[in-house]
file target-v5.txt (compact mmCIF, C-alpha atoms)
# COMPACT_ATOMS: atom_id res chain seq x y z
CA MET R 1 9.67 -34.46 0.76
CA ARG R 2 8.58 -32.38 -2.21
CA ILE R 3 5.62 -31.03 -0.22
CA ILE R 4 7.93 -30.09 2.64
CA ARG R 5 10.25 -28.25 0.25
CA SER R 6 7.28 -26.37 -1.24
CA VAL R 7 6.01 -25.37 2.20
CA PHE R 8 9.50 -24.21 3.16
CA GLN R 9 9.76 -22.24 -0.10
CA PHE R 10 6.47 -20.49 0.64
CA PHE R 11 7.61 -19.71 4.17
CA LYS R 12 10.82 -18.19 2.84
CA SER R 13 8.85 -16.14 0.31
CA PHE R 14 6.58 -14.96 3.13
CA THR R 15 9.53 -13.80 5.20
CA VAL R 16 11.10 -12.10 2.16
CA ALA R 17 7.86 -10.20 1.48
CA PHE R 18 7.54 -8.98 5.06
CA SER R 19 11.27 -8.18 5.23
CA ILE R 20 11.09 -6.00 2.12
CA TYR R 21 7.71 -4.34 2.52
CA SER R 22 7.32 -4.01 6.27
CA LYS R 23 9.09 -3.48 9.56
CA ILE R 24 7.30 -6.44 11.15
CA PRO R 25 9.90 -8.73 12.76
CA VAL R 26 10.31 -11.99 10.83
CA PRO R 27 13.06 -14.64 10.79
CA ARG R 28 16.16 -13.35 8.99
CA PHE R 29 18.27 -15.39 6.60
CA ASN R 30 20.46 -14.84 3.55
CA TRP R 31 18.07 -15.04 0.64
CA GLY R 32 18.61 -15.07 -3.11
CA SER R 33 16.49 -14.76 -6.23
CA ASP R 34 14.94 -18.22 -5.75
CA ASP R 35 13.51 -17.11 -2.42
CA MET R 36 11.60 -14.33 -4.21
CA LYS R 37 9.65 -16.76 -6.41
CA TYR R 38 6.40 -16.32 -4.53
CA HIS R 39 7.04 -13.30 -2.34
CA LEU R 40 4.60 -11.04 -4.20
CA CYS R 41 1.83 -13.46 -3.21
CA PHE R 42 2.32 -12.27 0.36
CA PHE R 43 2.76 -8.57 -0.41
CA PRO R 44 -0.98 -7.83 0.07
CA TRP R 45 -0.87 -9.36 3.55
CA VAL R 46 1.25 -6.48 4.76
CA GLY R 47 -1.78 -4.36 3.83
CA ALA R 48 -4.04 -6.82 5.63
CA VAL R 49 -2.05 -6.28 8.84
CA ILE R 50 -2.41 -2.51 8.43
CA GLY R 51 -6.16 -2.87 7.80
CA VAL R 52 -6.68 -5.00 10.92
CA LEU R 53 -4.75 -2.51 13.05
CA GLU R 54 -6.69 0.45 11.61
CA LEU R 55 -10.01 -1.26 12.34
CA GLY R 56 -8.82 -2.12 15.81
CA TRP R 57 -7.79 1.50 16.42
CA PHE R 58 -11.19 2.73 15.20
CA ASN R 59 -13.00 0.41 17.61
CA LEU R 60 -10.63 1.19 20.47
CA PHE R 61 -10.99 4.94 20.07
CA PHE R 62 -14.72 5.28 19.45
CA LYS R 63 -16.05 2.34 21.47
CA VAL R 64 -13.62 2.22 24.39
CA LEU R 65 -11.53 5.36 24.92
CA SER R 66 -14.18 7.93 24.00
CA GLY R 67 -16.89 6.06 25.86
CA GLN R 68 -14.87 5.88 29.06
CA SER R 69 -13.50 9.40 28.87
CA ILE R 70 -16.55 11.49 28.01
CA LYS R 71 -16.73 13.10 31.45
CA GLU R 72 -13.04 13.96 31.48
CA GLY R 73 -13.10 15.00 27.81
CA ILE R 74 -9.69 13.41 27.20
CA PHE R 75 -10.61 11.55 24.03
CA ALA R 76 -14.28 12.28 23.45
CA SER R 77 -13.77 15.32 21.22
CA ASN R 78 -10.15 14.91 20.26
CA HIS R 79 -10.55 13.59 16.72
CA LEU R 80 -7.14 14.96 15.79
CA PHE R 81 -5.57 12.38 18.09
CA PHE R 82 -7.51 9.63 16.30
CA ALA R 83 -6.54 10.97 12.86
CA MET R 84 -2.84 11.23 13.66
CA ILE R 85 -2.59 7.69 15.06
CA ALA R 86 -4.56 6.33 12.08
CA LEU R 87 -2.12 8.09 9.77
CA ILE R 88 0.93 6.83 11.64
CA ILE R 89 -0.07 3.13 11.68
CA PRO R 90 0.80 2.43 8.00
CA VAL R 91 4.09 4.30 8.37
CA LEU R 92 5.06 2.27 11.43
CA ILE R 93 4.22 -1.02 9.71
CA THR R 94 5.95 -0.25 6.38
CA GLY R 95 8.69 2.07 7.58
CA GLY R 96 7.51 4.61 4.99
CA PHE R 97 8.54 2.25 2.18
CA HIS R 98 5.85 3.44 -0.24
CA LEU R 99 6.02 7.07 0.85
CA ASP R 100 9.61 7.12 -0.36
CA GLY R 101 8.35 6.14 -3.82
CA PHE R 102 5.65 8.79 -3.63
CA LEU R 103 8.18 11.53 -2.81
CA ASP R 104 10.59 10.50 -5.57
CA THR R 105 7.77 10.30 -8.11
CA MET R 106 6.44 13.73 -7.25
CA ASP R 107 9.92 15.20 -7.59
CA ALA R 108 10.34 13.56 -10.99
CA LEU R 109 6.93 14.58 -12.31
CA HIS R 110 7.40 18.20 -11.27
CA SER R 111 10.82 18.44 -12.86
CA TYR R 112 9.14 18.68 -16.30
CA GLY R 113 12.29 17.22 -17.80
CA ASP R 114 12.55 14.53 -20.43
CA ARG R 115 12.04 10.83 -19.68
CA GLN R 116 15.69 10.19 -18.92
CA LYS R 117 15.90 13.10 -16.49
CA LYS R 118 12.80 11.87 -14.68
CA LEU R 119 14.29 8.40 -14.32
CA GLU R 120 17.51 9.92 -12.96
CA ILE R 121 15.52 11.88 -10.39
CA LEU R 122 13.79 8.68 -9.27
CA LYS R 123 17.22 7.21 -8.47
CA ASP R 124 18.44 10.37 -6.71
CA PRO R 125 18.42 9.80 -2.92
CA HIS R 126 17.99 13.52 -2.20
CA VAL R 127 14.58 15.02 -1.47
CA GLY R 128 13.54 17.98 -3.59
CA ALA R 129 11.22 20.88 -2.86
CA PHE R 130 8.31 19.42 -4.83
CA ALA R 131 8.54 16.19 -2.85
CA VAL R 132 8.27 18.12 0.42
CA ILE R 133 5.35 20.20 -0.83
CA SER R 134 3.53 17.15 -2.19
CA PHE R 135 4.12 15.26 1.05
CA ALA R 136 2.69 18.13 3.09
CA VAL R 137 -0.41 18.26 0.87
CA TYR R 138 -0.80 14.47 1.12
CA ILE R 139 -0.61 14.50 4.92
CA LEU R 140 -2.94 17.47 5.30
CA LEU R 141 -5.52 15.89 2.99
CA ALA R 142 -5.33 12.58 4.84
CA VAL R 143 -5.71 14.22 8.25
CA ALA R 144 -8.54 16.47 7.05
CA PHE R 145 -10.60 13.53 5.82
CA LEU R 146 -9.71 11.31 8.79
CA LEU R 147 -11.14 14.05 11.01
CA LEU R 148 -14.51 13.31 9.40
CA VAL R 149 -14.52 9.79 10.84
CA ASN R 150 -16.92 9.29 13.73
CA GLU R 151 -18.53 6.40 15.59
CA ASN R 152 -21.04 5.97 12.72
CA SER R 153 -18.36 5.60 10.04
CA LEU R 154 -17.92 1.84 10.33
CA GLN R 155 -18.71 1.00 6.69
CA PRO R 156 -16.35 3.61 5.18
CA VAL R 157 -13.65 2.60 7.67
CA ILE R 158 -13.98 -1.07 6.68
CA CYS R 159 -13.55 -0.07 3.02
CA ILE R 160 -10.47 1.98 3.89
CA CYS R 161 -9.04 -1.02 5.76
CA PHE R 162 -9.63 -3.25 2.72
CA SER R 163 -7.98 -0.64 0.48
CA PHE R 164 -4.58 -1.39 2.05
CA PHE R 165 -4.93 -5.00 0.91
CA ILE R 166 -6.43 -4.31 -2.52
CA SER R 167 -3.94 -1.58 -3.45
CA ARG R 168 -1.09 -4.02 -2.83
CA CYS R 169 -2.76 -6.73 -4.91
CA LEU R 170 -2.90 -4.29 -7.83
CA SER R 171 0.62 -3.02 -7.21
CA GLY R 172 1.92 -6.60 -7.26
CA LEU R 173 0.07 -7.31 -10.51
CA SER R 174 1.53 -4.19 -12.08
CA VAL R 175 5.05 -5.38 -11.25
CA LEU R 176 4.41 -8.55 -13.27
CA LEU R 177 2.23 -7.18 -16.06
CA PHE R 178 3.17 -3.55 -16.76
CA PRO R 179 6.13 -2.54 -18.98
CA LYS R 180 9.26 -1.67 -17.03
CA ALA R 181 11.05 1.66 -17.34
CA ARG R 182 14.40 0.01 -16.64
CA SER R 183 15.80 -3.45 -17.21
CA ASP R 184 17.77 -3.39 -13.95
CA GLY R 185 16.90 -2.65 -10.35
CA MET R 186 14.87 -4.36 -7.67
CA LEU R 187 11.55 -4.20 -9.49
CA ALA R 188 13.00 -5.83 -12.60
CA THR R 189 14.36 -8.62 -10.41
CA GLU R 190 10.97 -9.10 -8.76
CA SER R 191 9.21 -9.36 -12.11
CA LYS R 192 11.52 -12.08 -13.43
CA THR R 193 10.17 -14.78 -11.18
CA ARG R 194 9.96 -18.21 -12.78
CA SER R 195 6.54 -18.64 -11.17
CA SER R 196 5.00 -15.44 -12.54
CA VAL R 197 1.86 -17.13 -13.88
CA PHE R 198 1.20 -18.74 -10.50
CA VAL R 199 1.83 -15.43 -8.70
CA ILE R 200 -0.47 -13.55 -11.09
CA VAL R 201 -3.26 -16.09 -10.47
CA MET R 202 -2.76 -15.87 -6.71
CA LEU R 203 -2.83 -12.07 -6.75
CA CYS R 204 -5.97 -12.08 -8.90
CA LEU R 205 -7.67 -14.49 -6.49
CA GLN R 206 -6.69 -12.33 -3.53
CA LEU R 207 -7.87 -9.21 -5.34
CA THR R 208 -11.22 -10.83 -6.06
CA ALA R 209 -11.55 -12.04 -2.46
CA GLY R 210 -10.68 -8.58 -1.15
CA ALA R 211 -13.21 -6.87 -3.43
CA LEU R 212 -15.96 -9.35 -2.52
CA GLY R 213 -15.14 -8.99 1.17
CA MET R 214 -15.35 -5.22 0.91
CA ILE R 215 -18.72 -5.45 -0.84
CA TYR R 216 -20.03 -8.02 1.66
CA PHE R 217 -19.22 -5.87 4.68
CA SER R 218 -19.92 -2.42 3.20
CA GLY R 219 -22.41 -2.83 0.36
CA ILE R 220 -22.73 0.10 -2.04
CA THR R 221 -20.05 2.02 -0.13
CA ALA R 222 -17.53 -0.53 -1.39
CA VAL R 223 -18.40 0.29 -5.01
CA ILE R 224 -17.26 3.88 -4.43
CA ALA R 225 -14.01 2.72 -2.87
CA LEU R 226 -13.29 0.19 -5.61
CA GLY R 227 -14.05 2.81 -8.26
CA ALA R 228 -11.61 5.25 -6.66
CA ILE R 229 -8.87 2.61 -6.46
CA LEU R 230 -9.47 1.58 -10.08
CA ILE R 231 -9.22 5.19 -11.28
CA CYS R 232 -5.92 5.54 -9.40
CA PHE R 233 -4.70 2.31 -10.99
CA LEU R 234 -5.52 3.50 -14.51
CA TYR R 235 -3.87 6.86 -13.80
CA TYR R 236 -0.80 5.04 -12.51
CA PHE R 237 -0.57 2.98 -15.69
CA ALA R 238 -1.08 5.97 -17.97
CA ILE R 239 1.36 8.29 -16.25
CA SER R 240 4.01 5.58 -15.90
CA LYS R 241 3.91 4.74 -19.58
CA LYS R 242 3.71 8.33 -20.80
CA GLN R 243 6.17 10.01 -18.45
CA PHE R 244 8.64 7.21 -17.67
CA GLY R 245 8.21 4.58 -20.39
CA GLY R 246 7.08 2.03 -17.81
CA ILE R 247 6.97 1.44 -14.09
CA THR R 248 9.69 1.41 -11.46
CA GLY R 249 9.65 0.45 -7.79
CA ASP R 250 9.13 4.10 -6.86
CA LEU R 251 6.10 4.35 -9.14
CA ALA R 252 4.63 1.18 -7.66
CA GLY R 253 4.97 2.75 -4.21
CA PHE R 254 3.47 5.99 -5.52
CA PHE R 255 0.40 4.03 -6.65
CA VAL R 256 -0.10 2.39 -3.25
CA CYS R 257 -0.08 5.82 -1.55
CA LEU R 258 -2.33 7.33 -4.20
CA ALA R 259 -4.88 4.49 -4.05
CA GLU R 260 -5.10 4.62 -0.25
CA LEU R 261 -5.60 8.38 -0.27
CA GLY R 262 -8.09 8.13 -3.13
CA ALA R 263 -10.22 5.61 -1.24
CA LEU R 264 -10.09 7.76 1.89
CA VAL R 265 -11.12 10.96 0.10
CA CYS R 266 -13.95 9.37 -1.91
CA LEU R 267 -15.43 7.60 1.11
CA LEU R 268 -15.36 10.49 3.57
CA TYR R 269 -16.09 13.52 1.39
call {"tool": "encode", "arguments": {"input": "target-v5.txt", "output": "structure tokens"}}
result
Amino acid sequence: MRIIRSVFQFFKSFTVAFSIYSKIPVPRFNWGSDDMKYHLCFFPWVGAVIGVLELGWFNLFFKVLSGQSIKEGIFASNHLFFAMIALIIPVLITGGFHLDGFLDTMDALHSYGDRQKKLEILKDPHVGAFAVISFAVYILLAVAFLLLVNENSLQPVICICFSFFISRCLSGLSVLLFPKARSDGMLATESKTRSSVFVIVMLCLQLTAGALGMIYFSGITAVIALGAILICFLYYFAISKKQFGGITGDLAGFFVCLAELGALVCLLY
């Protein structure tokens, strides 16, 4: 009976994770704080779904669509079509959950106000000019580097796919280990799990597995990607502590976006 309860608890935590961090349909139920005990363990698997879909899209475009449409020229030279769909996949899966954090963070950072003002901007539901500008730059950079992908880019693409998983492992660890800017809010609730040690161990194991998998499939290319993600992680920690006094949910989302873009830029420059 105890095993059954544990399995059921994990299933509930799985559905909570995918309900919060994705738009993937999962069973719905009224859940409380106890149901969030292990949900961060499953947070990286939203990234795994994105990575699998991105790899599938790469293979579909370059090995199926382009190959069958060379004579017609429908897909053979239209890399912009590939880049736009590759960019849209994470947004469709997450509903733009992390992009919202990125926009709020960029607004706060460019306000150049004191710490309290920055935290107030993070809570403001309105979108400011700096958020729009930063979003445009982010999208243009992502599209520009995705246009460099070709049929010979399998190793960099595999690393990019792994980056969705690894960035979420690190984001989950930051929720449990980094100082918090506020004592209330969703992120504070997530960090107060009674099973935090277990969740930290699970996230570390998943992070290690993801890094080893990236290295196994991509060799030295993976080292570049991991280095880029690590630099983004250190920047995230430093800027959160200096500018905000700790992390918030928006800052955690900002890091996920930054790490994914960082891996993309470093691998396809």
call {"tool": "axis_aligned_box", "arguments": {"input": "target-v5.txt", "around": "stretch 35-41 of chain R", "padding_each_side": "5 Å", "output": "JSON"}}
result
{"center_x": 7.7, "center_y": -14.1, "center_z": -4.4, "size_x": 21.7, "size_y": 16.1, "size_z": 14.1}
call {"tool": "closest_residue", "arguments": {"input": "target-v5.txt", "among": "R:Met106, R:Val201, R:Val91, R:Leu154", "to": "R:Phe217", "atoms": "only C-alpha atoms"}}
result
R:Leu154
call {"tool": "atom_distance", "arguments": {"input": "target-v5.txt", "atom1": "atom CA of R:Ala17", "atom2": "atom CA of R:Gly172"}}
result
11.2 Å
call {"tool": "residues_around", "arguments": {"input": "target-v5.txt", "residues": "R:Val143", "least_positions_apart": "3", "cutoff": "8 Å", "atoms": "only C-alpha atoms", "output": "list of chain:residue names"}}
result
R:Leu80, R:Ala83, R:Met84, R:Leu87, R:Ile139, R:Leu140, R:Leu146, R:Leu147
call {"tool": "atom_distance", "arguments": {"input": "target-v5.txt", "atom1": "atom CA of R:Lys242", "atom2": "atom CA of R:Ile20"}}
result
28.0 Å
call {"tool": "atom_distance", "arguments": {"input": "target-v5.txt", "atom1": "atom CA of R:Ala238", "atom2": "atom CA of R:Leu251"}}
result
11.5 Å
call {"tool": "residues_near_point", "arguments": {"input": "target-v5.txt", "point": "(-12.4, 12.7, 6.4)", "cutoff": "7 Å", "atoms": "only C-alpha atoms", "output": "PyMOL selection string"}}
result
chain R and resi 144-149+265+268-269
call {"tool": "closest_residue", "arguments": {"input": "target-v5.txt", "among": "R:Leu212, R:His98, R:Phe14, R:Leu170", "to": "R:Val26", "atoms": "all atoms listed in the file"}}
result
R:Phe14
call {"tool": "closest_residue", "arguments": {"input": "target-v5.txt", "among": "R:Cys266, R:Val127, R:Met202, R:Met214", "to": "R:Phe162", "atoms": "all atoms listed in the file"}}
result
R:Met214
call {"tool": "residues_around", "arguments": {"input": "target-v5.txt", "residues": "R:Ser171", "least_positions_apart": "3", "cutoff": "7 Å", "atoms": "all atoms listed in the file", "output": "ChimeraX atom specification"}}
result
/R:167-168,174-175,252,256
call {"tool": "decode", "arguments": {"input": "target-v5.txt", "residues": "stretch 230-259 of chain R", "atoms": "N, CA and C atoms", "output": "CSV table (one decimal), in the first residue's frame"}}
result
chain,number,residue,atom,x,y,z
R,230,LEU,N,26.8,26.8,-18.7
R,230,LEU,CA,27.4,27.0,-17.4
R,230,LEU,C,27.6,28.5,-17.2
R,231,ILE,N,28.2,29.2,-18.2
R,231,ILE,CA,28.4,30.6,-18.1
R,231,ILE,C,27.1,31.4,-17.9
R,232,CYS,N,26.0,31.0,-18.6
R,232,CYS,CA,24.7,31.6,-18.4
R,232,CYS,C,24.2,31.3,-17.0
R,233,PHE,N,24.5,30.2,-16.5
R,233,PHE,CA,24.0,29.8,-15.1
R,233,PHE,C,24.7,30.7,-14.1
R,234,LEU,N,26.0,30.9,-14.2
R,234,LEU,CA,26.8,31.8,-13.3
R,234,LEU,C,26.3,33.2,-13.5
R,235,TYR,N,26.1,33.7,-14.7
R,235,TYR,CA,25.6,35.0,-14.9
R,235,TYR,C,24.2,35.2,-14.2
R,236,TYR,N,23.4,34.2,-14.4
R,236,TYR,CA,22.1,34.2,-13.7
R,236,TYR,C,22.2,34.3,-12.2
R,237,PHE,N,23.1,33.6,-11.6
R,237,PHE,CA,23.2,33.7,-10.2
R,237,PHE,C,23.8,35.0,-9.8
R,238,ALA,N,24.8,35.5,-10.5
R,238,ALA,CA,25.4,36.8,-10.1
R,238,ALA,C,24.4,38.0,-10.3
R,239,ILE,N,23.7,38.0,-11.4
R,239,ILE,CA,22.8,39.1,-11.6
R,239,ILE,C,21.6,39.1,-10.7
R,240,SER,N,21.1,37.9,-10.4
R,240,SER,CA,20.0,37.7,-9.5
R,240,SER,C,20.3,38.2,-8.1
R,241,LYS,N,21.5,37.9,-7.6
R,241,LYS,CA,21.9,38.3,-6.3
R,241,LYS,C,22.2,39.8,-6.2
R,242,LYS,N,22.9,40.3,-7.2
R,242,LYS,CA,23.3,41.7,-7.2
R,242,LYS,C,22.1,42.6,-7.4
R,243,GLN,N,21.3,42.3,-8.4
R,243,GLN,CA,20.3,43.2,-8.8
R,243,GLN,C,18.9,43.1,-8.1
R,244,PHE,N,18.7,41.8,-7.6
R,244,PHE,CA,17.4,41.5,-7.1
R,244,PHE,C,17.4,41.0,-5.6
R,245,GLY,N,18.6,40.7,-5.2
R,245,GLY,CA,18.8,40.1,-3.8
R,245,GLY,C,18.4,38.6,-3.8
R,246,GLY,N,18.3,38.0,-4.9
R,246,GLY,CA,17.9,36.6,-5.0
R,246,GLY,C,17.1,36.3,-6.2
R,247,ILE,N,16.6,35.1,-6.4
R,247,ILE,CA,15.9,34.7,-7.6
R,247,ILE,C,14.4,34.8,-7.4
R,248,THR,N,13.7,34.9,-8.5
R,248,THR,CA,12.2,34.8,-8.5
R,248,THR,C,11.9,33.9,-9.6
R,249,GLY,N,10.6,33.6,-9.8
R,249,GLY,CA,10.1,32.7,-10.9
R,249,GLY,C,10.5,33.3,-12.2
R,250,ASP,N,10.3,34.6,-12.3
R,250,ASP,CA,10.7,35.3,-13.6
R,250,ASP,C,12.1,35.1,-13.9
R,251,LEU,N,13.0,35.3,-13.0
R,251,LEU,CA,14.4,35.1,-13.2
R,251,LEU,C,14.8,33.7,-13.6
R,252,ALA,N,14.1,32.7,-13.0
R,252,ALA,CA,14.3,31.4,-13.3
R,252,ALA,C,14.0,31.1,-14.8
R,253,GLY,N,12.9,31.7,-15.2
R,253,GLY,CA,12.5,31.6,-16.6
R,253,GLY,C,13.4,32.3,-17.6
R,254,PHE,N,13.9,33.5,-17.1
R,254,PHE,CA,14.9,34.2,-17.9
R,254,PHE,C,16.1,33.4,-18.1
R,255,PHE,N,16.6,32.6,-17.1
R,255,PHE,CA,17.8,31.8,-17.2
R,255,PHE,C,17.5,30.7,-18.3
R,256,VAL,N,16.4,30.1,-18.3
R,256,VAL,CA,16.1,29.0,-19.2
R,256,VAL,C,16.2,29.5,-20.7
R,257,CYS,N,15.6,30.7,-20.9
R,257,CYS,CA,15.7,31.3,-22.2
R,257,CYS,C,17.1,31.7,-22.6
R,258,LEU,N,17.8,32.3,-21.6
R,258,LEU,CA,19.2,32.7,-21.9
R,258,LEU,C,20.1,31.5,-22.2
R,259,ALA,N,20.0,30.4,-21.4
R,259,ALA,CA,20.8,29.2,-21.6
R,259,ALA,C,20.5,28.6,-23.0
